[in-house]
$ cat structure.cif   # mmCIF, C-alpha atoms and all ligand atoms
data_upload
loop_
_atom_site.label_atom_id
_atom_site.label_comp_id
_atom_site.auth_asym_id
_atom_site.auth_seq_id
_atom_site.Cartn_x
_atom_site.Cartn_y
_atom_site.Cartn_z
CA MET A 1 136.49 -138.37 -194.30
CA ASN A 2 138.74 -137.41 -191.38
CA THR A 3 142.16 -139.08 -191.61
CA THR A 4 144.14 -136.88 -189.22
CA GLN A 5 145.36 -139.72 -187.00
CA SER A 6 146.40 -141.91 -189.94
CA GLU A 7 148.30 -138.97 -191.46
CA ALA A 8 150.12 -138.30 -188.18
CA LEU A 9 151.03 -141.98 -187.75
CA PHE A 10 152.19 -142.24 -191.37
CA ALA A 11 154.48 -139.20 -190.92
CA ARG A 12 155.88 -140.71 -187.71
CA ALA A 13 156.27 -144.17 -189.26
CA GLN A 14 158.32 -142.78 -192.13
CA GLN A 15 160.94 -141.59 -189.66
CA PHE A 16 161.59 -145.11 -188.45
CA THR A 17 160.56 -147.55 -191.20
CA PRO A 18 161.30 -147.45 -194.97
CA GLY A 19 158.29 -145.74 -196.55
CA GLY A 20 156.45 -145.98 -193.22
CA VAL A 21 155.30 -149.56 -193.84
CA ASN A 22 156.46 -153.12 -193.30
CA SER A 23 155.41 -154.32 -196.77
CA PRO A 24 155.51 -151.96 -199.76
CA VAL A 25 151.97 -152.18 -201.22
CA ARG A 26 150.54 -150.95 -197.90
CA ALA A 27 152.06 -147.49 -198.54
CA PHE A 28 149.31 -146.66 -201.10
CA ARG A 29 151.94 -145.67 -203.68
CA GLY A 30 149.93 -147.40 -206.38
CA VAL A 31 146.88 -145.23 -205.67
CA GLY A 32 148.17 -142.16 -203.81
CA GLY A 33 146.84 -140.74 -200.56
CA THR A 34 147.34 -141.68 -196.96
CA PRO A 35 147.38 -145.35 -195.94
CA ARG A 36 144.81 -146.03 -193.26
CA PHE A 37 146.26 -147.22 -189.97
CA ILE A 38 143.93 -149.92 -188.75
CA ALA A 39 142.75 -149.97 -185.14
CA ARG A 40 140.67 -153.14 -185.15
CA GLY A 41 138.61 -155.60 -187.18
CA GLU A 42 135.50 -157.66 -186.55
CA GLY A 43 133.85 -159.98 -189.09
CA SER A 44 133.92 -158.29 -192.49
CA HIS A 45 134.60 -154.80 -191.14
CA ILE A 46 137.67 -152.84 -190.06
CA TRP A 47 138.01 -149.49 -188.31
CA ASP A 48 140.90 -147.09 -188.75
CA VAL A 49 142.51 -145.00 -186.00
CA ASP A 50 140.25 -142.04 -186.90
CA GLY A 51 137.16 -144.16 -186.31
CA ASN A 52 136.25 -144.62 -190.00
CA GLU A 53 134.59 -147.96 -190.72
CA TYR A 54 135.17 -150.00 -193.89
CA ILE A 55 133.97 -153.26 -195.41
CA ASP A 56 137.27 -155.08 -195.84
CA TYR A 57 138.13 -156.85 -199.11
CA VAL A 58 141.87 -157.11 -198.39
CA CYS A 59 141.27 -159.63 -195.59
CA SER A 60 144.96 -159.41 -194.63
CA TRP A 61 145.78 -160.26 -198.29
CA GLY A 62 143.97 -163.57 -198.14
CA PRO A 63 144.36 -165.36 -194.79
CA LEU A 64 141.02 -164.23 -193.33
CA LEU A 65 138.67 -166.65 -195.08
CA LEU A 66 136.40 -166.42 -192.02
CA GLY A 67 136.79 -162.66 -191.57
CA HIS A 68 138.33 -160.85 -188.61
CA ARG A 69 138.42 -162.50 -185.19
CA PRO A 70 136.44 -165.64 -186.05
CA LYS A 71 135.28 -167.24 -182.80
CA PRO A 72 136.87 -170.69 -183.34
CA VAL A 73 140.29 -169.12 -183.90
CA VAL A 74 140.01 -166.56 -181.08
CA ASP A 75 138.87 -169.23 -178.60
CA ALA A 76 141.67 -171.60 -179.60
CA LEU A 77 144.27 -168.84 -179.24
CA ALA A 78 143.02 -167.94 -175.78
CA GLY A 79 143.60 -171.57 -174.76
CA VAL A 80 147.14 -171.82 -176.13
CA LEU A 81 148.38 -168.88 -174.06
CA GLU A 82 148.15 -171.19 -171.04
CA ILE A 83 150.87 -173.48 -172.36
CA GLY A 84 153.52 -171.06 -173.66
CA THR A 85 154.41 -169.29 -176.87
CA SER A 86 157.43 -171.12 -178.28
CA PHE A 87 159.55 -174.14 -177.38
CA GLY A 88 161.84 -174.86 -180.32
CA ALA A 89 160.88 -178.50 -179.78
CA PRO A 90 158.10 -180.55 -181.37
CA THR A 91 154.53 -180.33 -180.08
CA SER A 92 151.47 -182.54 -180.70
CA ARG A 93 149.75 -179.60 -182.39
CA GLU A 94 152.27 -179.61 -185.26
CA VAL A 95 151.41 -183.25 -185.93
CA GLU A 96 147.71 -182.39 -185.95
CA LEU A 97 148.16 -179.52 -188.41
CA ALA A 98 150.38 -181.63 -190.69
CA GLU A 99 147.70 -184.36 -190.72
CA LEU A 100 145.02 -181.83 -191.63
CA ILE A 101 147.10 -180.47 -194.51
CA VAL A 102 148.04 -183.91 -195.86
CA ASP A 103 144.41 -184.99 -195.66
CA ALA A 104 143.17 -181.93 -197.58
CA VAL A 105 145.76 -181.15 -200.28
CA PRO A 106 146.01 -183.84 -202.99
CA SER A 107 149.75 -183.47 -203.77
CA VAL A 108 150.97 -183.29 -200.18
CA GLU A 109 152.19 -186.57 -198.65
CA LEU A 110 154.79 -184.98 -196.35
CA VAL A 111 154.80 -181.37 -195.21
CA ARG A 112 157.27 -179.05 -193.48
CA LEU A 113 155.97 -175.98 -191.60
CA VAL A 114 157.76 -172.64 -192.01
CA ASN A 115 156.92 -169.02 -191.17
CA SER A 116 156.16 -167.18 -194.41
CA GLY A 117 155.24 -167.79 -198.02
CA THR A 118 158.65 -166.53 -199.08
CA GLU A 119 160.34 -169.16 -196.94
CA ALA A 120 158.05 -171.84 -198.37
CA THR A 121 158.80 -171.05 -202.02
CA MET A 122 162.52 -170.56 -201.34
CA SER A 123 162.65 -173.98 -199.67
CA ALA A 124 160.54 -175.73 -202.32
CA LEU A 125 162.88 -174.44 -205.02
CA ARG A 126 165.91 -175.69 -203.09
CA VAL A 127 164.27 -179.09 -202.78
CA ALA A 128 163.52 -179.16 -206.52
CA ARG A 129 167.14 -178.37 -207.30
CA GLY A 130 168.49 -180.85 -204.79
CA TYR A 131 166.17 -183.59 -206.00
CA THR A 132 166.76 -183.13 -209.73
CA GLY A 133 170.40 -181.99 -209.58
CA ARG A 134 169.45 -179.17 -211.99
CA GLU A 135 169.53 -175.38 -211.50
CA ILE A 136 167.11 -173.61 -213.84
CA THR A 137 163.57 -172.57 -212.81
CA ILE A 138 160.77 -171.46 -215.09
CA LYS A 139 158.42 -168.88 -213.59
CA PHE A 140 155.73 -166.72 -215.17
CA GLU A 141 155.77 -162.95 -215.72
CA GLY A 142 153.63 -161.17 -213.15
CA CYS A 143 153.53 -164.14 -210.78
CA TYR A 144 154.93 -163.39 -207.36
CA HIS A 145 156.43 -166.04 -205.11
CA GLY A 146 157.57 -163.93 -202.19
CA HIS A 147 160.82 -162.02 -202.18
CA VAL A 148 163.04 -165.02 -202.96
CA ASP A 149 166.17 -163.68 -204.72
CA SER A 150 165.97 -165.83 -207.82
CA LEU A 151 162.21 -165.34 -208.21
CA LEU A 152 162.20 -161.52 -208.19
CA VAL A 153 162.34 -161.62 -211.97
CA LYS A 154 159.38 -159.94 -213.72
CA ALA A 155 157.54 -160.30 -210.42
CA GLY A 156 154.02 -159.12 -209.64
CA SER A 157 152.57 -157.72 -206.40
CA GLY A 158 154.57 -154.81 -204.94
CA VAL A 159 157.23 -155.06 -207.66
CA ALA A 160 154.52 -154.52 -210.29
CA THR A 161 152.75 -151.87 -208.18
CA LEU A 162 155.93 -149.80 -207.90
CA SER A 163 156.84 -150.53 -211.57
CA LEU A 164 160.30 -151.71 -210.52
CA PRO A 165 162.24 -153.17 -213.47
CA ASP A 166 163.84 -155.83 -211.31
CA THR A 167 165.19 -155.72 -207.82
CA ALA A 168 168.52 -154.22 -206.76
CA GLY A 169 170.59 -156.49 -204.56
CA VAL A 170 169.93 -159.74 -206.40
CA PRO A 171 173.17 -161.20 -207.77
CA ARG A 172 173.01 -161.73 -211.51
CA ALA A 173 174.04 -165.35 -210.99
CA PHE A 174 170.77 -165.88 -209.09
CA SER A 175 168.43 -164.23 -211.59
CA GLU A 176 170.19 -166.08 -214.40
CA THR A 177 168.86 -169.32 -212.97
CA THR A 178 165.31 -168.13 -213.73
CA ILE A 179 163.50 -168.05 -217.05
CA ALA A 180 160.36 -165.89 -216.99
CA LEU A 181 157.70 -166.73 -219.59
CA PRO A 182 154.23 -165.27 -220.26
CA PHE A 183 151.49 -166.76 -218.05
CA ASN A 184 149.08 -168.99 -219.97
CA ASP A 185 151.50 -169.47 -222.89
CA LEU A 186 152.05 -173.23 -223.01
CA ASP A 187 153.76 -173.08 -226.41
CA ARG A 188 156.58 -170.97 -224.97
CA VAL A 189 156.98 -173.44 -222.12
CA GLU A 190 157.17 -176.41 -224.53
CA GLU A 191 159.68 -174.53 -226.68
CA THR A 192 161.87 -173.69 -223.67
CA PHE A 193 161.83 -177.33 -222.57
CA ARG A 194 162.81 -178.44 -226.07
CA GLU A 195 165.84 -176.12 -225.88
CA ARG A 196 166.94 -176.56 -222.25
CA GLY A 197 164.81 -179.35 -220.78
CA ASP A 198 167.66 -181.27 -219.18
CA ALA A 199 168.71 -178.19 -217.15
CA ILE A 200 165.27 -177.26 -215.81
CA ALA A 201 164.72 -178.26 -212.18
CA ALA A 202 161.19 -176.92 -211.86
CA VAL A 203 158.31 -174.89 -213.16
CA ILE A 204 156.77 -172.76 -210.42
CA VAL A 205 153.36 -171.21 -210.96
CA GLU A 206 150.50 -169.58 -209.08
CA PRO A 207 147.81 -171.91 -210.49
CA VAL A 208 145.43 -168.96 -210.33
CA ALA A 209 147.56 -165.84 -210.48
CA GLY A 210 146.69 -163.40 -207.72
CA ASN A 211 149.67 -161.07 -207.72
CA MET A 212 149.12 -159.35 -211.08
CA GLY A 213 145.50 -159.03 -210.15
CA CYS A 214 143.46 -162.21 -210.40
CA ILE A 215 144.10 -164.15 -213.63
CA PRO A 216 142.71 -167.66 -214.11
CA PRO A 217 144.67 -170.34 -215.92
CA ALA A 218 143.62 -170.83 -219.54
CA PRO A 219 141.89 -174.17 -220.22
CA GLY A 220 144.59 -176.85 -220.45
CA PHE A 221 147.43 -174.63 -219.21
CA LEU A 222 147.97 -176.38 -215.87
CA LYS A 223 147.51 -179.85 -217.38
CA GLY A 224 150.01 -178.87 -220.07
CA LEU A 225 152.55 -177.84 -217.43
CA ARG A 226 152.01 -181.17 -215.70
CA GLY A 227 152.65 -183.04 -218.95
CA VAL A 228 155.77 -181.19 -220.06
CA THR A 229 157.46 -181.30 -216.63
CA GLU A 230 156.78 -185.03 -216.36
CA ARG A 231 158.19 -185.74 -219.82
CA HIS A 232 161.41 -183.86 -219.02
CA GLY A 233 161.97 -185.11 -215.47
CA SER A 234 161.46 -181.69 -213.88
CA LEU A 235 159.19 -180.87 -210.97
CA LEU A 236 155.98 -178.89 -211.05
CA ILE A 237 155.53 -176.56 -208.07
CA PHE A 238 152.16 -174.96 -207.37
CA ASP A 239 152.50 -171.83 -205.29
CA GLU A 240 149.21 -172.08 -203.42
CA VAL A 241 150.12 -169.58 -200.72
CA MET A 242 147.12 -167.54 -201.87
CA THR A 243 144.86 -170.21 -203.39
CA GLY A 244 145.40 -173.00 -200.84
CA PHE A 245 142.23 -173.56 -198.78
CA ARG A 246 140.78 -170.46 -200.51
CA LEU A 247 139.52 -171.85 -203.81
CA SER A 248 138.60 -175.16 -202.22
CA ARG A 249 139.79 -177.20 -199.24
CA GLY A 250 142.28 -178.87 -201.58
CA GLY A 251 143.21 -175.57 -203.24
CA ALA A 252 143.51 -174.85 -206.96
CA GLN A 253 144.96 -178.33 -207.55
CA GLN A 254 141.70 -179.88 -206.42
CA LEU A 255 139.60 -177.36 -208.35
CA TYR A 256 141.46 -177.95 -211.65
CA GLY A 257 142.31 -181.62 -211.09
CA VAL A 258 146.05 -181.22 -211.63
CA THR A 259 148.46 -182.61 -209.04
CA PRO A 260 151.87 -180.94 -208.80
CA ASP A 261 155.00 -182.54 -207.29
CA LEU A 262 155.43 -179.83 -204.64
CA THR A 263 153.04 -177.27 -203.18
CA THR A 264 153.64 -174.15 -201.14
CA LEU A 265 151.01 -172.95 -198.70
CA GLY A 266 150.62 -169.96 -196.39
CA LYS A 267 148.01 -167.34 -195.47
CA ILE A 268 144.86 -169.39 -194.55
CA ILE A 269 146.81 -172.27 -192.96
CA GLY A 270 147.97 -169.83 -190.24
CA GLY A 271 144.46 -168.62 -189.42
CA GLY A 272 145.75 -165.02 -189.50
CA LEU A 273 149.06 -165.70 -187.76
CA PRO A 274 152.45 -166.03 -189.51
CA MET A 275 152.58 -169.57 -190.90
CA ALA A 276 153.41 -171.28 -194.17
CA ALA A 277 154.40 -174.72 -195.40
CA TYR A 278 155.83 -176.65 -198.29
CA GLY A 279 155.11 -180.25 -199.07
CA GLY A 280 154.62 -182.82 -201.74
CA ARG A 281 155.53 -186.29 -202.89
CA ASP A 282 156.96 -188.53 -200.21
CA ASP A 283 160.10 -189.49 -202.19
CA ILE A 284 160.91 -185.83 -202.87
CA MET A 285 160.22 -184.55 -199.35
CA ARG A 286 162.37 -187.34 -197.86
CA LYS A 287 165.35 -185.50 -199.33
CA VAL A 288 164.82 -182.77 -196.70
CA ALA A 289 167.01 -182.75 -193.55
CA PRO A 290 167.20 -184.55 -191.18
CA VAL A 291 166.26 -187.55 -193.37
CA GLY A 292 167.90 -186.19 -196.51
CA PRO A 293 170.73 -183.89 -197.55
CA ILE A 294 168.72 -180.72 -198.33
CA TYR A 295 168.98 -178.40 -195.34
CA GLN A 296 166.17 -176.15 -194.13
CA ALA A 297 165.39 -175.08 -190.55
CA GLY A 298 163.67 -172.42 -188.42
CA THR A 299 163.60 -171.38 -184.76
CA LEU A 300 159.92 -170.40 -184.81
CA SER A 301 158.79 -173.03 -187.33
CA GLY A 302 155.68 -174.79 -186.03
CA ASN A 303 155.12 -172.00 -183.52
CA PRO A 304 152.36 -173.07 -181.09
CA LEU A 305 150.27 -169.91 -181.53
CA ALA A 306 150.29 -170.02 -185.32
CA VAL A 307 149.75 -173.77 -185.40
CA THR A 308 146.80 -173.49 -183.01
CA ALA A 309 145.17 -170.77 -185.12
CA GLY A 310 145.80 -172.88 -188.24
CA ILE A 311 144.24 -176.00 -186.73
CA ALA A 312 141.13 -174.05 -185.64
CA MET A 313 140.81 -172.58 -189.13
CA LEU A 314 141.28 -175.86 -191.00
CA ARG A 315 138.95 -177.78 -188.68
CA TYR A 316 136.25 -175.15 -189.22
CA ILE A 317 136.71 -175.37 -193.00
CA GLU A 318 136.52 -179.18 -192.86
CA ALA A 319 133.25 -179.01 -190.91
CA HIS A 320 131.71 -176.26 -193.10
CA PRO A 321 132.39 -177.09 -196.77
CA GLU A 322 129.42 -174.89 -197.70
CA ILE A 323 131.48 -171.72 -197.12
CA TYR A 324 133.12 -172.17 -200.54
CA ASP A 325 129.78 -171.85 -202.37
CA GLN A 326 128.85 -168.94 -200.14
CA VAL A 327 132.01 -166.90 -200.80
CA GLU A 328 131.88 -167.72 -204.50
CA ARG A 329 128.26 -166.50 -204.76
CA SER A 330 129.15 -163.32 -202.87
CA THR A 331 132.08 -162.65 -205.19
CA ALA A 332 129.96 -163.25 -208.30
CA GLU A 333 127.43 -160.74 -206.99
CA LEU A 334 130.19 -158.27 -206.11
CA THR A 335 131.52 -158.27 -209.67
CA SER A 336 128.13 -158.29 -211.39
CA ARG A 337 127.57 -154.54 -211.76
CA LEU A 338 130.81 -153.21 -213.19
CA PRO A 339 131.37 -149.72 -214.54
CA VAL A 340 131.57 -149.43 -218.35
CA GLY A 341 135.05 -150.10 -219.74
CA THR A 342 136.09 -152.62 -217.11
CA VAL A 343 136.50 -156.37 -216.95
CA ALA A 344 136.46 -158.42 -213.79
CA ASN A 345 138.45 -161.61 -213.44
CA ARG A 346 137.16 -163.94 -210.76
CA VAL A 347 137.89 -167.43 -209.46
CA GLY A 348 135.99 -168.46 -206.33
CA SER A 349 136.41 -165.67 -203.79
CA MET A 350 139.38 -164.00 -205.53
CA SER A 351 138.70 -161.18 -207.98
CA THR A 352 140.14 -158.10 -209.68
CA VAL A 353 138.50 -155.28 -211.65
CA PHE A 354 140.74 -154.16 -214.54
CA PHE A 355 140.19 -150.85 -216.33
CA THR A 356 140.31 -152.14 -219.87
CA SER A 357 137.70 -153.61 -222.15
CA GLU A 358 140.07 -156.35 -223.36
CA THR A 359 140.48 -159.79 -221.84
CA VAL A 360 143.23 -159.98 -219.19
CA SER A 361 145.00 -163.34 -219.36
CA ASN A 362 148.64 -162.44 -218.70
CA TYR A 363 150.88 -159.76 -217.24
CA ASP A 364 151.22 -157.68 -220.44
CA GLU A 365 147.44 -157.51 -220.69
CA ALA A 366 147.11 -156.65 -216.98
CA LYS A 367 149.56 -153.78 -217.47
CA ARG A 368 147.28 -152.32 -220.17
CA SER A 369 144.75 -151.49 -217.46
CA ASP A 370 144.32 -147.75 -216.88
CA THR A 371 146.01 -147.55 -213.47
CA PRO A 372 145.24 -143.84 -212.81
CA LEU A 373 141.57 -144.71 -213.34
CA PHE A 374 141.96 -147.69 -210.99
CA ALA A 375 143.35 -145.25 -208.39
CA ARG A 376 140.23 -143.07 -208.72
CA PHE A 377 138.04 -146.16 -208.42
CA PHE A 378 139.94 -147.24 -205.30
CA HIS A 379 139.42 -143.82 -203.65
CA HIS A 380 135.74 -143.76 -204.65
CA LEU A 381 135.34 -147.05 -202.77
CA LEU A 382 137.44 -145.92 -199.81
CA GLU A 383 135.45 -142.69 -199.41
CA ASN A 384 132.31 -144.83 -199.36
CA GLY A 385 133.59 -147.10 -196.62
CA ILE A 386 134.96 -149.94 -198.76
CA TYR A 387 138.57 -151.06 -198.36
CA PHE A 388 139.89 -152.67 -201.57
CA PRO A 389 143.53 -153.62 -202.26
CA PRO A 390 145.45 -150.39 -202.90
CA SER A 391 146.96 -151.72 -206.13
CA GLN A 392 145.72 -152.79 -209.55
CA PHE A 393 148.08 -155.75 -209.30
CA GLU A 394 146.53 -157.51 -206.30
CA ALA A 395 143.41 -159.61 -205.83
CA ALA A 396 140.44 -158.68 -203.65
CA PHE A 397 139.16 -161.33 -201.22
CA VAL A 398 135.68 -162.08 -199.93
CA SER A 399 135.29 -163.88 -196.61
CA ALA A 400 132.53 -166.02 -195.15
CA ALA A 401 131.85 -163.11 -192.77
CA HIS A 402 130.75 -160.79 -195.61
CA THR A 403 126.97 -160.43 -195.35
CA PRO A 404 124.50 -160.06 -198.24
CA GLU A 405 124.12 -156.42 -197.08
CA ASP A 406 127.91 -155.84 -197.32
CA ILE A 407 127.94 -157.26 -200.83
CA ALA A 408 124.82 -155.40 -201.99
CA HIS A 409 126.15 -152.11 -200.64
CA THR A 410 129.55 -152.68 -202.26
CA SER A 411 128.15 -153.59 -205.66
CA ARG A 412 125.95 -150.46 -205.54
CA VAL A 413 128.99 -148.29 -204.81
CA ILE A 414 130.96 -150.02 -207.58
CA ALA A 415 128.10 -149.40 -210.04
CA GLU A 416 128.00 -145.72 -209.05
CA PHE A 417 131.61 -145.12 -210.01
CA ALA A 418 131.64 -142.39 -212.64
CA ARG A 419 134.76 -141.95 -214.71
N1 LIG B 501 152.48 -159.00 -201.52
C1 LIG B 501 151.41 -159.21 -200.62
C2 LIG B 501 150.15 -159.62 -201.29
N2 LIG B 501 150.26 -160.12 -202.58
C3 LIG B 501 151.16 -157.98 -199.81
C4 LIG B 501 151.54 -158.23 -198.44
C5 LIG B 501 151.26 -157.07 -197.49
O1 LIG B 501 151.47 -155.92 -197.83
O2 LIG B 501 150.85 -157.36 -196.41
#
$ encode --input "structure.cif" --output "structure tokens" --more "lines below"
Ligand code: HOZ
Amino acid sequence: MNTTQSEALFARAQQFTPGGVNSPVRAFRGVGGTPRFIARGEGSHIWDVDGNEYIDYVCSWGPLLLGHRPKPVVDALAGVLEIGTSFGAPTSREVELAELIVDAVPSVELVRLVNSGTEATMSALRVARGYTGREITIKFEGCYHGHVDSLLVKAGSGVATLSLPDTAGVPRAFSETTIALPFNDLDRVEETFRERGDAIAAVIVEPVAGNMGCIPPAPGFLKGLRGVTERHGSLLIFDEVMTGFRLSRGGAQQLYGVTPDLTTLGKIIGGGLPMAAYGGRDDIMRKVAPVGPIYQAGTLSGNPLAVTAGIAMLRYIEAHPEIYDQVERSTAELTSRLPVGTVANRVGSMSTVFFTSETVSNYDEAKRSDTPLFARFFHHLLENGIYFPPSQFEAAFVSAAHTPEDIAHTSRVIAEFAR
């Protein structure tokens, strides 16, 4: 495979940008080799600057539920260019998007739009602290909630990919407000609440973990979190940046029937443009400025382009509920012919192949995967025109644009992988 242009761009990029990338996992450090510089995408396929074509299972790390350049989103964006790109004043489109989100996501009665998942989780945590008057947060090892200072404790995603112990630059006072516990271990959560319950503002969780690879919640785990937080007067925050509108229109909370107090959203709600949100119970969200004392603001929040793409995406999803069955079936097929010595975790259209024969239900178990072997698997796929996440500790995504031929070809290539 010729990668001359990508290599040249990567060398040039490293002169001007740390590691040559604007987000660490993209640098391929978890798998080695040259990151592909992408020239364009259409449907389920992308093309790199050397003209190589790939079936894309990164899907921009989740936002592209409809694949690249879906017509409803592209058409809506063409229309918005007529009106302007940013006003820093409210527009009717923000109201429309807020209504769509409130209508779809069970826990969300009021919502505030922001620009990135990091901003959403940072703000939701501030609201939880302001509302409860407490400072401690429980998070789970291997879960990733953006690069919020206090949440970069035993974090997944790029932190796990680069095997960073914890992150330089975070004041100890911030990380000391966080208690990290093993995912799916309700006993440890109960025990921690017994010891420090009256200091805990919130439990934040990815209801289906996607940032240590895909790990589903154990039966009863999410309900247990709901129960213990309620009993101790703390808030339950679902980080649905990845799972929101991906696992169902109402996200993981609808799928598992557990309603948190606050929810963070991102990725799909921006239709492929930078957009995120946090929202939840009316009485909690009314503590946010300008109605309440908890301050949070943003110049580009509710940006007309991102909001327009988000509305087009959510309206399409509302009108085509059948896409959820379709992407789930495709993902089941994709993970049906695994090489010996692997396990695949899958929920809906999120999945990860781990190189271990043991169950993977938490971060310690995910770390037992043979990551050098994962790297060989990744390059086997890449050489055969299949673009998977370049890290063991990320989820792969299937979109509604993936065709039966894409899936059949990919599962054949997966089955052919020889150790
Ligand atoms: N941490 C992101 C996904 N879990 C990766 C973002 C990116 O590199 O674009």
$ closest_atom_pairs --input "structure.cif" --of "chain A" --to "ligand LIG 501 (chain B)" --cutoff "6 Å" --atoms "only C-alpha atoms and all ligand atoms" --output "JSON lines"
{"residue": "A:Ser23", "atom": "CA", "partner": "B:LIG501", "partner_atom": "O1", "distance": 4.4}
{"residue": "A:Pro24", "atom": "CA", "partner": "B:LIG501", "partner_atom": "O1", "distance": 6.0}
{"residue": "A:Val25", "atom": "CA", "partner": "B:LIG501", "partner_atom": "O1", "distance": 5.1}
{"residue": "A:Arg26", "atom": "CA", "partner": "B:LIG501", "partner_atom": "O1", "distance": 5.1}
{"residue": "A:Trp61", "atom": "CA", "partner": "B:LIG501", "partner_atom": "C2", "distance": 5.3}
{"residue": "A:Ser157", "atom": "CA", "partner": "B:LIG501", "partner_atom": "N1", "distance": 5.0}
{"residue": "A:Gly158", "atom": "CA", "partner": "B:LIG501", "partner_atom": "N1", "distance": 5.8}
{"residue": "A:Asn211", "atom": "CA", "partner": "B:LIG501", "partner_atom": "N2", "distance": 5.3}
{"residue": "A:Glu394", "atom": "CA", "partner": "B:LIG501", "partner_atom": "N2", "distance": 5.9}
$ atom_distance --input "structure.cif" --atom1 "atom CA of A:Glu318" --atom2 "atom CA of A:Ala104"
8.6 Å
$ residues_around --input "structure.cif" --residues "stretch 266-274 of chain A" --least-positions-apart "3" --cutoff "7 Å" --atoms "all atoms listed in the file" --output "PyMOL selection string"
chain A and resi 62-65+73+115-117+241-242+245+277+306-307+309-310+313-314
$ closest_residue --input "structure.cif" --among "A:Ala418, A:Val228, A:Val105, A:Cys59" --to "A:Gly43" --atoms "all atoms listed in the file"
A:Cys59
$ atom_distance --input "structure.cif" --atom1 "atom CA of A:Thr177" --atom2 "atom CA of A:Thr137"
6.2 Å
$ atom_distance --input "structure.cif" --atom1 "atom CA of A:Val170" --atom2 "atom CA of A:Gly133"
22.5 Å
$ closest_residue --input "structure.cif" --among "A:Leu164, A:Ala218, A:Asp239, A:Ile136" --to "A:Gly197" --atoms "all atoms listed in the file"
A:Ile136
$ closest_residue --input "structure.cif" --among "A:Val49, A:Leu222, A:Ile407, A:Val21" --to "A:Gln5" --atoms "all atoms listed in the file"
A:Val49
$ residues_around --input "structure.cif" --residues "A:Phe10" --least-positions-apart "2" --cutoff "12 Å" --atoms "only C-alpha atoms" --output "ChimeraX atom specification"
/A:3-8,12-22,26-28,33-38,49
$ closest_residue --input "structure.cif" --among "A:Asn2, A:Ser92, A:Thr335, A:Thr118" --to "A:Ala276" --atoms "all atoms listed in the file"
A:Thr118
$ closest_residue --input "structure.cif" --among "A:Thr299, A:Thr132, A:Thr161, A:Ser248" --to "A:Pro90" --atoms "all atoms listed in the file"
A:Thr299
$ closest_residue --input "structure.cif" --among "A:Leu9, A:Val95, A:Ile386, A:Val31" --to "A:Leu162" --atoms "only C-alpha atoms"
A:Val31
$ residues_near_point --input "structure.cif" --point "(143.1, -150.4, -205.7)" --cutoff "7 Å" --atoms "all atoms listed in the file" --output "number ranges by chain"
A: 31, 374-375, 378, 388-392
$ residues_around --input "structure.cif" --residues "A:Ile179" --least-positions-apart "3" --cutoff "9 Å" --atoms "all atoms listed in the file" --output "compact mmCIF listing (two decimals) with C-alpha atoms, in the frame of the given file"
# COMPACT_ATOMS: atom_id res chain seq x y z
CA ILE A 136 167.11 -173.61 -213.84
CA THR A 137 163.57 -172.57 -212.81
CA ILE A 138 160.77 -171.46 -215.09
CA LYS A 139 158.42 -168.88 -213.59
CA PHE A 140 155.73 -166.72 -215.17
CA VAL A 153 162.34 -161.62 -211.97
CA SER A 175 168.43 -164.23 -211.59
CA GLU A 176 170.19 -166.08 -214.40
CA THR A 192 161.87 -173.69 -223.67
$ residues_around --input "structure.cif" --residues "A:Met1" --least-positions-apart "3" --cutoff "10 Å" --atoms "only C-alpha atoms" --output "ChimeraX atom specification"
/A:4,50-52,382-385
$ write_last_selection --input "structure.cif" --atoms "C-alpha atoms" --output "compact mmCIF listing (two decimals), in the coordinates of the input"
# COMPACT_ATOMS: atom_id res chain seq x y z
CA THR A 4 144.14 -136.88 -189.22
CA ASP A 50 140.25 -142.04 -186.90
CA GLY A 51 137.16 -144.16 -186.31
CA ASN A 52 136.25 -144.62 -190.00
CA LEU A 382 137.44 -145.92 -199.81
CA GLU A 383 135.45 -142.69 -199.41
CA ASN A 384 132.31 -144.83 -199.36
CA GLY A 385 133.59 -147.10 -196.62
$ residues_around --input "structure.cif" --residues "A:Arg112" --least-positions-apart "2" --cutoff "7 Å" --atoms "all atoms listed in the file" --output "list in words"
Val114, Ala277, Tyr278 and Gly279 of chain A
$ decode --input "structure.cif" --residues "stretch 298-303 of chain A" --atoms "N, CA and C atoms" --output "PDB file, in the first residue's frame"
ATOM      1  N   GLY A 298     -20.408  30.281  26.704  1.00  0.00           N
ATOM      2  CA  GLY A 298     -19.578  29.946  25.543  1.00  0.00           C
ATOM      3  C   GLY A 298     -19.916  30.778  24.327  1.00  0.00           C
ATOM      4  N   THR A 299     -18.902  31.411  23.739  1.00  0.00           N
ATOM      5  CA  THR A 299     -19.100  32.268  22.565  1.00  0.00           C
ATOM      6  C   THR A 299     -19.758  31.525  21.409  1.00  0.00           C
ATOM      7  N   LEU A 300     -19.281  30.304  21.137  1.00  0.00           N
ATOM      8  CA  LEU A 300     -19.794  29.571  19.976  1.00  0.00           C
ATOM      9  C   LEU A 300     -20.858  28.540  20.351  1.00  0.00           C
ATOM     10  N   SER A 301     -21.306  28.568  21.614  1.00  0.00           N
ATOM     11  CA  SER A 301     -22.347  27.612  22.032  1.00  0.00           C
ATOM     12  C   SER A 301     -23.615  27.841  21.219  1.00  0.00           C
ATOM     13  N   GLY A 302     -24.189  26.751  20.718  1.00  0.00           N
ATOM     14  CA  GLY A 302     -25.397  26.869  19.897  1.00  0.00           C
ATOM     15  C   GLY A 302     -25.077  27.403  18.516  1.00  0.00           C
ATOM     16  N   ASN A 303     -23.854  27.169  18.078  1.00  0.00           N
ATOM     17  CA  ASN A 303     -23.424  27.653  16.756  1.00  0.00           C
ATOM     18  C   ASN A 303     -24.383  27.199  15.652  1.00  0.00           C
TER      19      ASN A 303
END
